[in-house]
$ cat final_23.cif   # mmCIF, C-alpha atoms
data_structure
loop_
_atom_site.label_atom_id
_atom_site.label_comp_id
_atom_site.auth_asym_id
_atom_site.auth_seq_id
_atom_site.Cartn_x
_atom_site.Cartn_y
_atom_site.Cartn_z
CA MET R 215 135.38 85.25 78.30
CA ARG R 216 133.95 82.63 80.64
CA ILE R 217 130.15 82.25 80.63
CA VAL R 218 127.49 80.22 82.38
CA LEU R 219 124.60 80.42 79.93
CA ASN R 220 120.97 79.79 80.82
CA ALA R 221 118.63 79.55 77.85
CA PRO R 222 115.26 77.82 77.41
CA PRO R 223 114.89 74.46 75.66
CA GLY R 224 114.62 75.02 71.94
CA PHE R 225 116.74 78.18 71.99
CA GLY R 226 119.54 76.50 70.06
CA LYS R 227 122.31 76.16 72.67
CA SER R 228 123.95 73.28 70.82
CA ARG R 229 124.08 75.21 67.54
CA LEU R 230 125.51 78.24 69.35
CA ILE R 231 128.23 76.08 70.90
CA ALA R 232 129.00 74.50 67.51
CA ARG R 233 129.34 77.91 65.88
CA LEU R 234 131.65 79.22 68.62
CA ALA R 235 133.77 76.05 68.57
CA SER R 236 134.15 75.72 64.80
CA GLY R 237 136.66 78.50 64.23
CA ARG R 238 139.22 77.50 66.89
CA ILE R 239 140.86 74.58 68.68
CA SER R 240 138.01 73.40 70.87
CA LEU R 241 136.80 70.70 73.21
CA VAL R 242 133.05 70.18 73.48
CA PHE R 243 131.68 68.02 76.28
CA VAL R 244 128.17 66.59 75.85
CA ARG R 245 125.97 64.21 77.82
CA SER R 246 125.57 61.27 75.42
CA HIS R 247 127.00 59.88 72.21
CA LEU R 248 123.75 60.70 70.39
CA GLU R 249 124.15 64.35 71.38
CA GLY R 250 127.80 64.05 70.34
CA LEU R 251 126.84 62.82 66.88
CA GLN R 252 124.38 65.69 66.55
CA MET R 253 126.99 68.20 67.72
CA ALA R 254 129.43 66.86 65.12
CA GLN R 255 126.86 67.53 62.39
CA TYR R 256 126.37 71.10 63.65
CA VAL R 257 130.14 71.73 63.77
CA SER R 258 130.44 70.53 60.18
CA GLU R 259 127.64 72.86 59.11
CA PHE R 260 129.56 75.83 60.58
CA GLY R 261 132.78 74.90 58.77
CA GLY R 262 134.58 73.17 61.63
CA VAL R 263 136.23 69.77 61.41
CA PRO R 264 134.81 67.61 64.23
CA GLY R 265 136.25 64.53 65.90
CA LEU R 266 134.29 62.27 68.23
CA LEU R 267 135.87 60.45 71.18
CA PHE R 268 133.36 58.22 72.94
CA GLY R 269 133.71 54.76 74.48
CA ARG R 270 133.37 51.42 72.73
CA LYS R 271 130.00 50.66 74.30
CA SER R 272 128.50 53.83 72.79
CA LEU R 273 130.06 53.53 69.35
CA CYS R 274 130.11 49.77 68.79
CA PRO R 275 126.94 48.48 67.05
CA PHE R 276 127.17 45.40 69.31
CA GLY R 277 127.87 47.26 72.56
CA ALA R 278 131.37 45.88 73.17
CA GLU R 279 132.73 47.38 76.39
CA ASN R 280 136.45 46.62 75.99
CA ALA R 281 139.09 45.46 73.50
CA ALA R 282 138.66 41.79 74.47
CA GLN R 283 134.94 41.84 73.67
CA CYS R 284 135.70 43.66 70.42
CA LEU R 285 138.19 40.95 69.43
CA TRP R 286 135.72 38.17 70.28
CA LEU R 287 133.01 39.78 68.14
CA ARG R 288 135.36 39.86 65.18
CA GLU R 289 136.74 36.35 65.65
CA SER R 290 133.24 34.90 66.06
CA GLY R 291 132.09 36.61 62.88
CA ALA R 292 129.41 38.67 64.63
CA CYS R 293 131.22 41.88 63.73
CA LYS R 294 132.13 42.13 60.06
CA ALA R 295 134.06 45.42 60.20
CA LYS R 296 137.25 45.17 58.16
CA SER R 297 138.70 48.66 58.32
CA ARG R 298 139.54 51.48 60.72
CA ARG R 299 139.35 54.28 58.19
CA PRO R 300 136.33 55.05 55.99
CA PRO R 301 136.71 56.64 52.54
CA THR R 302 134.75 59.62 53.88
CA LEU R 303 134.22 60.22 57.59
CA ILE R 304 130.54 60.34 58.47
CA PHE R 305 128.96 60.73 61.89
CA ASP R 306 126.46 57.91 61.67
CA ILE R 307 127.31 54.68 63.48
CA ASP R 308 125.08 52.47 61.33
CA GLU R 309 126.33 53.92 58.04
CA LEU R 310 129.98 53.55 59.11
CA TYR R 311 129.41 49.90 59.98
CA LYS R 312 127.57 49.25 56.71
CA ALA R 313 130.67 50.59 54.93
CA GLY R 314 132.74 47.85 56.59
CA VAL R 315 134.27 50.17 59.17
CA CYS R 316 134.42 49.84 62.97
CA PRO R 317 132.77 53.10 64.14
CA TYR R 318 134.75 53.21 67.39
CA GLU R 319 138.12 52.72 65.72
CA ALA R 320 137.32 55.05 62.83
CA LEU R 321 136.13 57.91 65.01
CA HIS R 322 139.02 57.57 67.47
CA ALA R 323 141.64 57.30 64.71
CA GLU R 324 140.39 60.53 63.18
CA GLY R 325 139.26 62.29 66.36
CA ARG R 326 142.50 63.69 67.74
CA GLU R 327 143.44 65.18 64.39
CA LYS R 328 140.44 67.52 64.26
CA ASN R 329 140.11 71.10 65.49
CA VAL R 330 136.87 70.39 67.40
CA VAL R 331 136.95 67.29 69.59
CA ILE R 332 133.62 66.18 71.06
CA LEU R 333 133.69 64.06 74.22
CA PRO R 334 131.32 62.74 76.90
CA ILE R 335 131.04 65.00 79.92
CA ALA R 336 131.76 61.90 82.03
CA TYR R 337 135.43 62.39 81.09
CA LEU R 338 135.46 65.25 83.60
CA SER R 339 134.10 63.18 86.49
CA LYS R 340 137.24 61.32 87.61
CA VAL R 341 141.01 61.80 87.56
CA SER R 342 141.45 58.49 85.70
CA ASN R 343 139.03 59.64 82.98
CA ILE R 344 140.71 63.02 82.61
CA SER R 345 144.16 61.48 82.28
CA ALA R 346 143.03 59.71 79.11
CA VAL R 347 142.40 63.05 77.39
CA ALA R 348 144.80 65.35 79.28
CA ASP R 349 146.89 65.94 76.16
CA LEU R 350 143.90 67.56 74.44
CA PHE R 351 143.97 70.45 76.93
CA GLU R 352 147.52 71.52 76.02
CA ASN R 353 146.64 73.93 73.19
CA VAL R 354 142.88 74.24 73.55
CA GLU R 355 141.36 77.70 73.03
CA PHE R 356 137.70 77.03 73.80
CA VAL R 357 135.86 74.57 76.05
CA ALA R 358 132.11 74.05 75.99
CA LEU R 359 130.20 72.19 78.68
CA ASP R 360 126.79 71.38 77.22
CA GLU R 361 124.02 70.40 79.67
CA ALA R 362 126.31 71.67 82.44
CA HIS R 363 123.77 70.87 85.18
CA ASN R 364 125.08 67.29 85.00
CA LEU R 365 128.28 68.51 86.70
CA LEU R 366 126.40 69.06 89.96
CA SER R 367 126.59 65.37 90.83
CA VAL R 368 128.66 63.02 92.97
CA VAL R 369 130.68 60.03 91.76
CA GLU R 370 132.42 57.19 93.54
CA VAL R 371 136.22 57.34 93.24
CA SER R 372 139.18 55.29 94.41
CA ASP R 373 141.90 56.57 96.77
CA SER R 374 144.26 57.03 93.81
CA GLU R 375 141.76 59.38 92.16
CA LEU R 376 141.24 61.63 95.16
CA TYR R 377 141.84 65.16 93.91
CA SER R 378 140.83 67.21 96.95
CA LYS R 379 139.48 66.09 100.32
CA ARG R 380 137.43 69.29 100.44
CA TYR R 381 135.24 67.96 97.65
CA CYS R 382 135.00 64.35 98.85
CA GLN R 383 133.57 62.30 101.68
CA GLU R 384 133.64 58.68 102.74
CA GLU R 385 130.29 56.94 103.15
CA ASP R 386 129.94 53.27 104.18
CA GLY R 387 133.55 52.58 103.21
CA ARG R 388 133.17 54.19 99.77
CA LEU R 389 134.64 57.49 98.65
CA TRP R 390 132.39 60.01 96.88
CA CYS R 391 133.35 63.35 95.29
CA LEU R 392 131.55 66.31 93.71
CA VAL R 393 132.20 66.54 89.97
CA LEU R 394 131.94 70.30 89.37
CA PRO R 395 135.04 71.33 91.39
CA LEU R 396 137.20 68.79 89.53
CA ALA R 397 135.87 69.92 86.15
CA ALA R 398 136.60 73.52 87.16
CA GLU R 399 140.20 72.65 88.04
CA VAL R 400 140.71 70.99 84.67
CA VAL R 401 139.46 73.97 82.64
CA ARG R 402 140.93 76.67 84.90
CA GLY R 403 143.59 77.72 82.38
CA VAL R 404 141.23 77.93 79.41
CA ARG R 405 140.45 81.50 78.40
CA PHE R 406 137.12 80.98 76.62
CA ILE R 407 134.51 78.75 78.29
CA ILE R 408 130.78 78.36 77.94
CA ALA R 409 128.78 76.16 80.33
CA ALA R 410 125.23 75.94 78.99
CA SER R 411 122.05 74.59 80.55
CA ALA R 412 118.32 75.27 80.56
CA SER R 413 118.24 74.23 84.22
CA VAL R 414 120.81 76.61 85.71
CA VAL R 415 118.47 79.55 86.25
CA ARG R 416 119.70 82.67 88.03
CA TYR R 417 118.64 81.42 91.47
CA PHE R 418 121.03 78.46 91.16
CA SER R 419 123.83 80.14 89.22
CA ASP R 420 126.20 81.07 92.06
CA PHE R 421 127.58 77.58 92.57
CA PHE R 422 128.50 77.28 88.88
CA THR R 423 129.86 80.81 88.38
CA HIS R 424 131.98 80.50 91.55
CA PHE R 425 133.82 77.34 90.56
CA LEU R 426 134.06 78.12 86.84
CA ASN R 427 135.07 81.74 87.50
CA ALA R 428 132.43 82.78 85.00
CA LYS R 429 129.78 85.41 84.33
CA PHE R 430 126.11 84.41 84.31
CA ILE R 431 124.06 85.23 81.22
CA GLU R 432 120.34 84.53 81.04
CA ILE R 433 118.30 84.40 77.84
CA LYS R 434 114.55 84.51 78.35
CA THR R 435 113.20 84.57 74.81
CA PHE R 436 113.11 81.62 72.47
CA PRO R 437 111.65 80.77 69.05
CA GLY R 438 107.92 80.05 69.12
CA ALA R 439 107.33 81.30 72.66
CA GLU R 440 103.97 82.68 71.52
CA ASN R 441 102.87 79.10 70.73
CA LEU R 442 103.40 77.85 74.29
CA GLU R 443 100.50 77.65 76.73
CA VAL R 444 101.24 76.76 80.37
CA GLU R 445 98.57 76.11 82.99
CA HIS R 446 98.77 75.31 86.67
CA MET R 447 96.48 73.02 88.67
CA PRO R 448 97.23 73.53 92.43
CA LEU R 449 96.32 70.03 93.55
CA LYS R 450 98.16 68.97 96.73
CA ILE R 451 100.23 66.07 95.41
CA ARG R 452 102.08 64.46 98.34
CA TYR R 453 103.24 61.01 99.39
CA THR R 454 100.15 60.77 101.61
CA THR R 455 97.66 61.96 98.96
CA ARG R 456 98.86 60.86 95.53
CA LEU R 457 97.17 57.42 95.76
CA LYS R 458 93.91 58.65 97.25
CA LYS R 459 90.98 58.00 94.97
CA ASP R 460 89.86 61.64 94.63
CA TYR R 461 93.38 62.80 93.74
CA VAL R 462 94.02 59.96 91.31
CA GLU R 463 90.71 60.54 89.52
CA ALA R 464 91.35 64.28 89.28
CA VAL R 465 94.75 63.68 87.65
CA LEU R 466 93.39 60.99 85.33
CA ASP R 467 90.55 63.26 84.21
CA LYS R 468 93.03 66.02 83.32
CA ILE R 469 95.24 63.61 81.38
CA ARG R 470 92.23 62.37 79.39
CA GLU R 471 91.17 65.96 78.76
CA VAL R 472 94.62 66.92 77.50
CA TYR R 473 94.80 63.81 75.30
CA LYS R 474 91.41 64.58 73.78
CA GLU R 475 92.66 67.97 72.60
CA TYR R 476 96.33 67.32 71.79
CA ARG R 477 96.43 63.57 70.92
CA ARG R 478 100.18 63.16 71.54
CA VAL R 479 100.97 63.64 75.22
CA VAL R 480 103.76 62.81 77.67
CA VAL R 481 103.02 62.47 81.40
CA TYR R 482 105.72 62.59 84.09
CA LEU R 483 105.13 61.26 87.61
CA PRO R 484 107.31 61.29 90.74
CA ASN R 485 108.71 57.74 90.36
CA LYS R 486 108.66 54.59 88.27
CA GLU R 487 106.12 52.80 90.47
CA LEU R 488 103.62 55.65 90.22
CA ALA R 489 104.10 55.82 86.47
CA SER R 490 103.21 52.13 86.20
CA TYR R 491 100.21 52.62 88.50
CA TYR R 492 98.81 55.50 86.44
CA ALA R 493 99.50 53.74 83.15
CA ASN R 494 97.31 50.85 84.32
CA LYS R 495 94.54 53.33 85.14
CA LEU R 496 94.64 54.77 81.61
CA LEU R 497 94.05 51.63 79.60
CA ASP R 498 91.12 53.33 77.88
CA LEU R 499 93.76 55.43 76.07
CA PRO R 500 96.65 54.29 73.82
CA VAL R 501 99.33 54.25 76.52
CA SER R 502 103.04 53.47 76.24
CA ASP R 503 106.15 53.84 78.39
CA LYS R 504 108.19 54.87 75.35
CA PRO R 505 107.76 57.16 72.33
CA LEU R 506 105.84 55.69 69.39
CA GLY R 507 106.48 58.38 66.79
CA ASP R 508 103.74 60.54 65.34
CA ILE R 509 100.75 58.32 66.12
CA ASP R 510 98.24 59.41 68.77
CA HIS R 511 99.30 58.08 72.18
CA VAL R 512 100.11 58.95 75.80
CA ILE R 513 103.63 58.32 77.06
CA VAL R 514 103.56 57.67 80.82
CA SER R 515 106.99 58.09 82.39
CA TYR R 516 108.68 59.53 85.48
CA PHE R 517 111.02 62.39 86.36
CA GLY R 518 114.63 61.35 85.78
CA SER R 519 113.73 58.55 83.34
CA PRO R 520 115.74 57.91 80.15
CA ILE R 521 113.14 59.89 78.18
CA SER R 522 113.08 62.86 80.56
CA GLU R 523 116.33 64.41 79.32
CA GLY R 524 118.39 64.60 76.16
CA VAL R 525 115.83 63.17 73.74
CA ASN R 526 113.26 64.79 71.46
CA LEU R 527 109.71 63.52 71.77
CA ASN R 528 107.12 63.92 69.03
CA VAL R 529 104.43 65.22 71.40
CA LYS R 530 102.25 68.31 71.59
CA ALA R 531 101.54 68.40 75.33
CA GLY R 532 103.14 67.53 78.63
CA VAL R 533 101.54 66.87 82.03
CA LEU R 534 103.85 67.12 85.05
CA VAL R 535 102.29 65.50 88.13
CA GLY R 536 103.93 66.53 91.40
CA PHE R 537 106.79 68.91 92.14
CA PRO R 538 109.65 66.39 91.95
CA ILE R 539 111.48 66.79 95.26
CA PRO R 540 114.01 63.90 95.15
CA ASN R 541 113.78 60.83 97.35
CA VAL R 542 114.63 62.05 100.86
CA LYS R 543 115.67 58.51 101.82
CA SER R 544 118.53 58.58 99.32
CA LYS R 545 121.94 58.41 101.02
CA GLU R 546 123.57 59.86 97.91
CA LEU R 547 121.27 62.89 98.04
CA TRP R 548 122.21 63.80 101.61
CA LEU R 549 125.87 63.08 100.89
CA LYS R 550 125.68 65.69 98.14
CA VAL R 551 123.92 68.10 100.52
CA ARG R 552 126.72 67.71 103.12
CA LEU R 553 129.48 68.16 100.54
CA ILE R 554 127.90 71.33 99.16
CA GLN R 555 127.36 72.63 102.70
CA ARG R 556 131.03 72.03 103.51
CA LEU R 557 131.98 74.31 100.60
CA GLY R 558 129.99 77.20 102.07
CA PHE R 559 126.87 76.89 99.92
CA ASP R 560 123.30 76.02 100.84
CA GLY R 561 123.23 72.22 100.59
CA TYR R 562 119.44 71.94 100.58
CA LYS R 563 119.13 74.58 97.86
CA TYR R 564 121.65 72.97 95.50
CA GLY R 565 121.24 69.34 96.49
CA VAL R 566 117.45 69.11 96.80
CA LEU R 567 115.72 72.11 95.20
CA PHE R 568 118.05 72.27 92.21
CA THR R 569 117.46 68.58 91.54
CA ALA R 570 113.69 69.16 91.55
CA VAL R 571 113.84 72.19 89.24
CA ASN R 572 116.22 70.38 86.91
CA HIS R 573 113.71 67.51 86.61
CA VAL R 574 110.94 70.00 85.79
CA VAL R 575 112.91 71.94 83.19
CA GLN R 576 114.25 68.83 81.48
CA ALA R 577 110.80 67.21 81.36
CA VAL R 578 109.27 70.36 79.88
CA GLY R 579 112.12 70.52 77.38
CA ARG R 580 111.00 67.22 75.83
CA VAL R 581 107.78 68.96 74.76
CA LEU R 582 109.13 72.30 73.57
CA ARG R 583 111.03 71.04 70.53
CA GLY R 584 109.46 72.33 67.33
CA LEU R 585 107.55 75.05 69.17
CA GLU R 586 108.11 77.52 66.35
CA ARG R 587 106.05 75.25 64.06
CA GLU R 588 103.05 74.33 66.24
CA ARG R 589 101.17 75.10 69.42
CA LYS R 590 102.31 73.24 72.56
CA TYR R 591 100.78 72.87 76.01
CA ILE R 592 102.19 72.23 79.51
CA LEU R 593 100.11 71.42 82.60
CA LEU R 594 101.78 71.64 86.03
CA ILE R 595 99.83 69.70 88.68
CA ASP R 596 100.91 70.46 92.26
CA ASP R 597 100.42 73.39 94.61
CA ARG R 598 104.18 73.47 95.26
CA PHE R 599 104.80 74.90 91.80
CA ALA R 600 103.39 78.10 93.32
CA GLU R 601 105.46 77.73 96.50
CA TYR R 602 108.65 77.39 94.48
CA LYS R 603 107.63 79.74 91.69
CA ARG R 604 110.72 81.92 92.23
CA LEU R 605 112.94 78.96 91.29
CA LEU R 606 111.33 78.31 87.92
CA PRO R 607 112.27 79.86 84.57
CA GLU R 608 110.01 82.72 83.53
CA TYR R 609 108.25 80.82 80.72
CA LEU R 610 106.85 78.49 83.42
CA SER R 611 106.55 80.75 86.47
CA LYS R 612 104.39 83.38 84.74
CA ALA R 613 101.54 80.86 84.49
CA VAL R 614 101.72 79.81 88.15
CA LYS R 615 99.38 81.73 90.46
#
$ encode --input "final_23.cif" --output "structure tokens"
Amino acid sequence: MRIVLNAPPGFGKSRLIARLASGRISLVFVRSHLEGLQMAQYVSEFGGVPGLLFGRKSLCPFGAENAAQCLWLRESGACKAKSRRPPTLIFDIDELYKAGVCPYEALHAEGREKNVVILPIAYLSKVSNISAVADLFENVEFVALDEAHNLLSVVEVSDSELYSKRYCQEEDGRLWCLVLPLAAEVVRGVRFIIAASASVVRYFSDFFTHFLNAKFIEIKTFPGAENLEVEHMPLKIRYTTRLKKDYVEAVLDKIREVYKEYRRVVVYLPNKELASYYANKLLDLPVSDKPLGDIDHVIVSYFGSPISEGVNLNVKAGVLVGFPIPNVKSKELWLKVRLIQRLGFDGYKYGVLFTAVNHVVQAVGRVLRGLERERKYILLIDDRFAEYKRLLPEYLSKAVK
């Protein structure tokens, strides 16, 4: 069976993947090494034997990017690792290093011997990356693509890595290719596949099901749904209005109101500059650009920031300011639109609208963790949430009038 799975944040997609992978020879692709470490713990809980294959920079406590840097760290005495194999394999970089073991070497030495190998999804983005792990596909029974929306991206490649001119285009002397078609070619012979994402709602599923030759399954219910309150404020947030005094004050008043009730709040704005601007207007509140744990504060960030996807925030409310249509001046954006169009799909739909909805869903997902234990609140500020209501998952769209 080949499945593209859409399920809300907090549903437990990672645990589901771990359970399915644990009883067979599997490859699990995740977005970051932190998610990989978490997936390894889940696989162990379900009786599987996980291996973790990530790069040096992710797994080295000192961020070494290659073997030469690794050697220098050891020769200089900065790195005190003495062994490649720990007495007991644990999936904690700090604990491995404290035991005198190089986490990168330990995890790679053990990784290929395990029945569930966990890798970064970036391995599927280029031919050169795939060649490094091609042997792992020889006997694989199950492949999982966690956070599969990341495959709808473009990467720069060299001429030697060109896998199909249909999926690639030259721009300013540089060659760019869509990732999803390459990933689909690599997993074509695998019988059991699951590509999971909270962002790939039914409206955007065709592109993924077509290339992965998969069936779309949508799950609408999730633990604690009764504790989620979503409200919509149809303020016209645009490039020409978002710095006008009346609009700024209206948004600031709502943020203060939400903080007063919920105390731990995250705010997402259209870009980094606006986030900085609003943060400076909220100095009467405890404001930060990063999470500060369980103390009362307001995190002010932007759509697409490092804390907008793949991390859990200890917050009770989220305020999303503006429907995050991507920067229309971006050459990469319109390159993606043209490539998708060339393949017979709606380039604007998948290049522009999908990017916006993905930003919304991922930002909301930072708030929904732990929903089964406490009440959470989401405020959507922009009239375009109503215009694009049909694109949103049901748990958001039902509150938009």
$ closest_residue --input "final_23.cif" --among "R:Tyr377, R:Tyr609, R:Tyr562, R:Phe243" --to "R:Lys434" --atoms "all atoms listed in the file"
R:Tyr609
$ axis_aligned_box --input "final_23.cif" --around "stretch 606-614 of chain R" --padding-each-side "4 Å" --output "lines of an AutoDock Vina configuration file"
center_x = 106.9
center_y = 80.8
center_z = 84.4
size_x = 18.7
size_y = 13.1
size_z = 15.4
$ resolve_selection --input "final_23.cif" --expression "the PyMOL selection byres ((chain R and resi 259) around 12)" --output "compact mmCIF listing (two decimals) with C-alpha atoms, keeping the file's coordinate frame"
# COMPACT_ATOMS: atom_id res chain seq x y z
CA ARG R 229 124.08 75.21 67.54
CA LEU R 230 125.51 78.24 69.35
CA ALA R 232 129.00 74.50 67.51
CA ARG R 233 129.34 77.91 65.88
CA ALA R 235 133.77 76.05 68.57
CA SER R 236 134.15 75.72 64.80
CA GLY R 237 136.66 78.50 64.23
CA GLN R 252 124.38 65.69 66.55
CA MET R 253 126.99 68.20 67.72
CA ALA R 254 129.43 66.86 65.12
CA GLN R 255 126.86 67.53 62.39
CA TYR R 256 126.37 71.10 63.65
CA VAL R 257 130.14 71.73 63.77
CA SER R 258 130.44 70.53 60.18
CA PHE R 260 129.56 75.83 60.58
CA GLY R 261 132.78 74.90 58.77
CA GLY R 262 134.58 73.17 61.63
CA VAL R 263 136.23 69.77 61.41
CA PRO R 264 134.81 67.61 64.23
$ atom_distance --input "final_23.cif" --atom1 "atom CA of R:Ile332" --atom2 "atom CA of R:Phe268"
8.2 Å
$ closest_residue --input "final_23.cif" --among "R:Asp420, R:Asp596, R:Glu588, R:Glu475" --to "R:Tyr564" --atoms "all atoms listed in the file"
R:Asp420
$ decode --input "final_23.cif" --residues "stretch 471-489 of chain R" --atoms "C-alpha atoms" --output "PDB file, in the first residue's frame"
ATOM      1  CA  GLU R 471      -5.577  40.909  24.944  1.00  0.00           C
ATOM      2  CA  VAL R 472      -4.498  37.368  24.121  1.00  0.00           C
ATOM      3  CA  TYR R 473      -1.435  37.663  26.372  1.00  0.00           C
ATOM      4  CA  LYS R 474      -3.572  38.885  29.264  1.00  0.00           C
ATOM      5  CA  GLU R 475      -5.686  35.734  29.106  1.00  0.00           C
ATOM      6  CA  TYR R 476      -3.178  33.058  28.044  1.00  0.00           C
ATOM      7  CA  ARG R 477       0.197  34.394  29.302  1.00  0.00           C
ATOM      8  CA  ARG R 478       2.329  32.274  26.939  1.00  0.00           C
ATOM      9  CA  VAL R 479       1.796  33.355  23.347  1.00  0.00           C
ATOM     10  CA  VAL R 480       3.540  33.053  19.982  1.00  0.00           C
ATOM     11  CA  VAL R 481       2.938  35.642  17.244  1.00  0.00           C
ATOM     12  CA  TYR R 482       3.796  35.046  13.577  1.00  0.00           C
ATOM     13  CA  LEU R 483       4.145  37.913  11.093  1.00  0.00           C
ATOM     14  CA  PRO R 484       4.756  37.958   7.324  1.00  0.00           C
ATOM     15  CA  ASN R 485       8.543  38.540   7.488  1.00  0.00           C
ATOM     16  CA  LYS R 486      11.513  39.056   9.774  1.00  0.00           C
ATOM     17  CA  GLU R 487      11.469  42.852   9.468  1.00  0.00           C
ATOM     18  CA  LEU R 488       7.812  43.082  10.503  1.00  0.00           C
ATOM     19  CA  ALA R 489       8.447  40.749  13.420  1.00  0.00           C
TER      20      ALA R 489
END
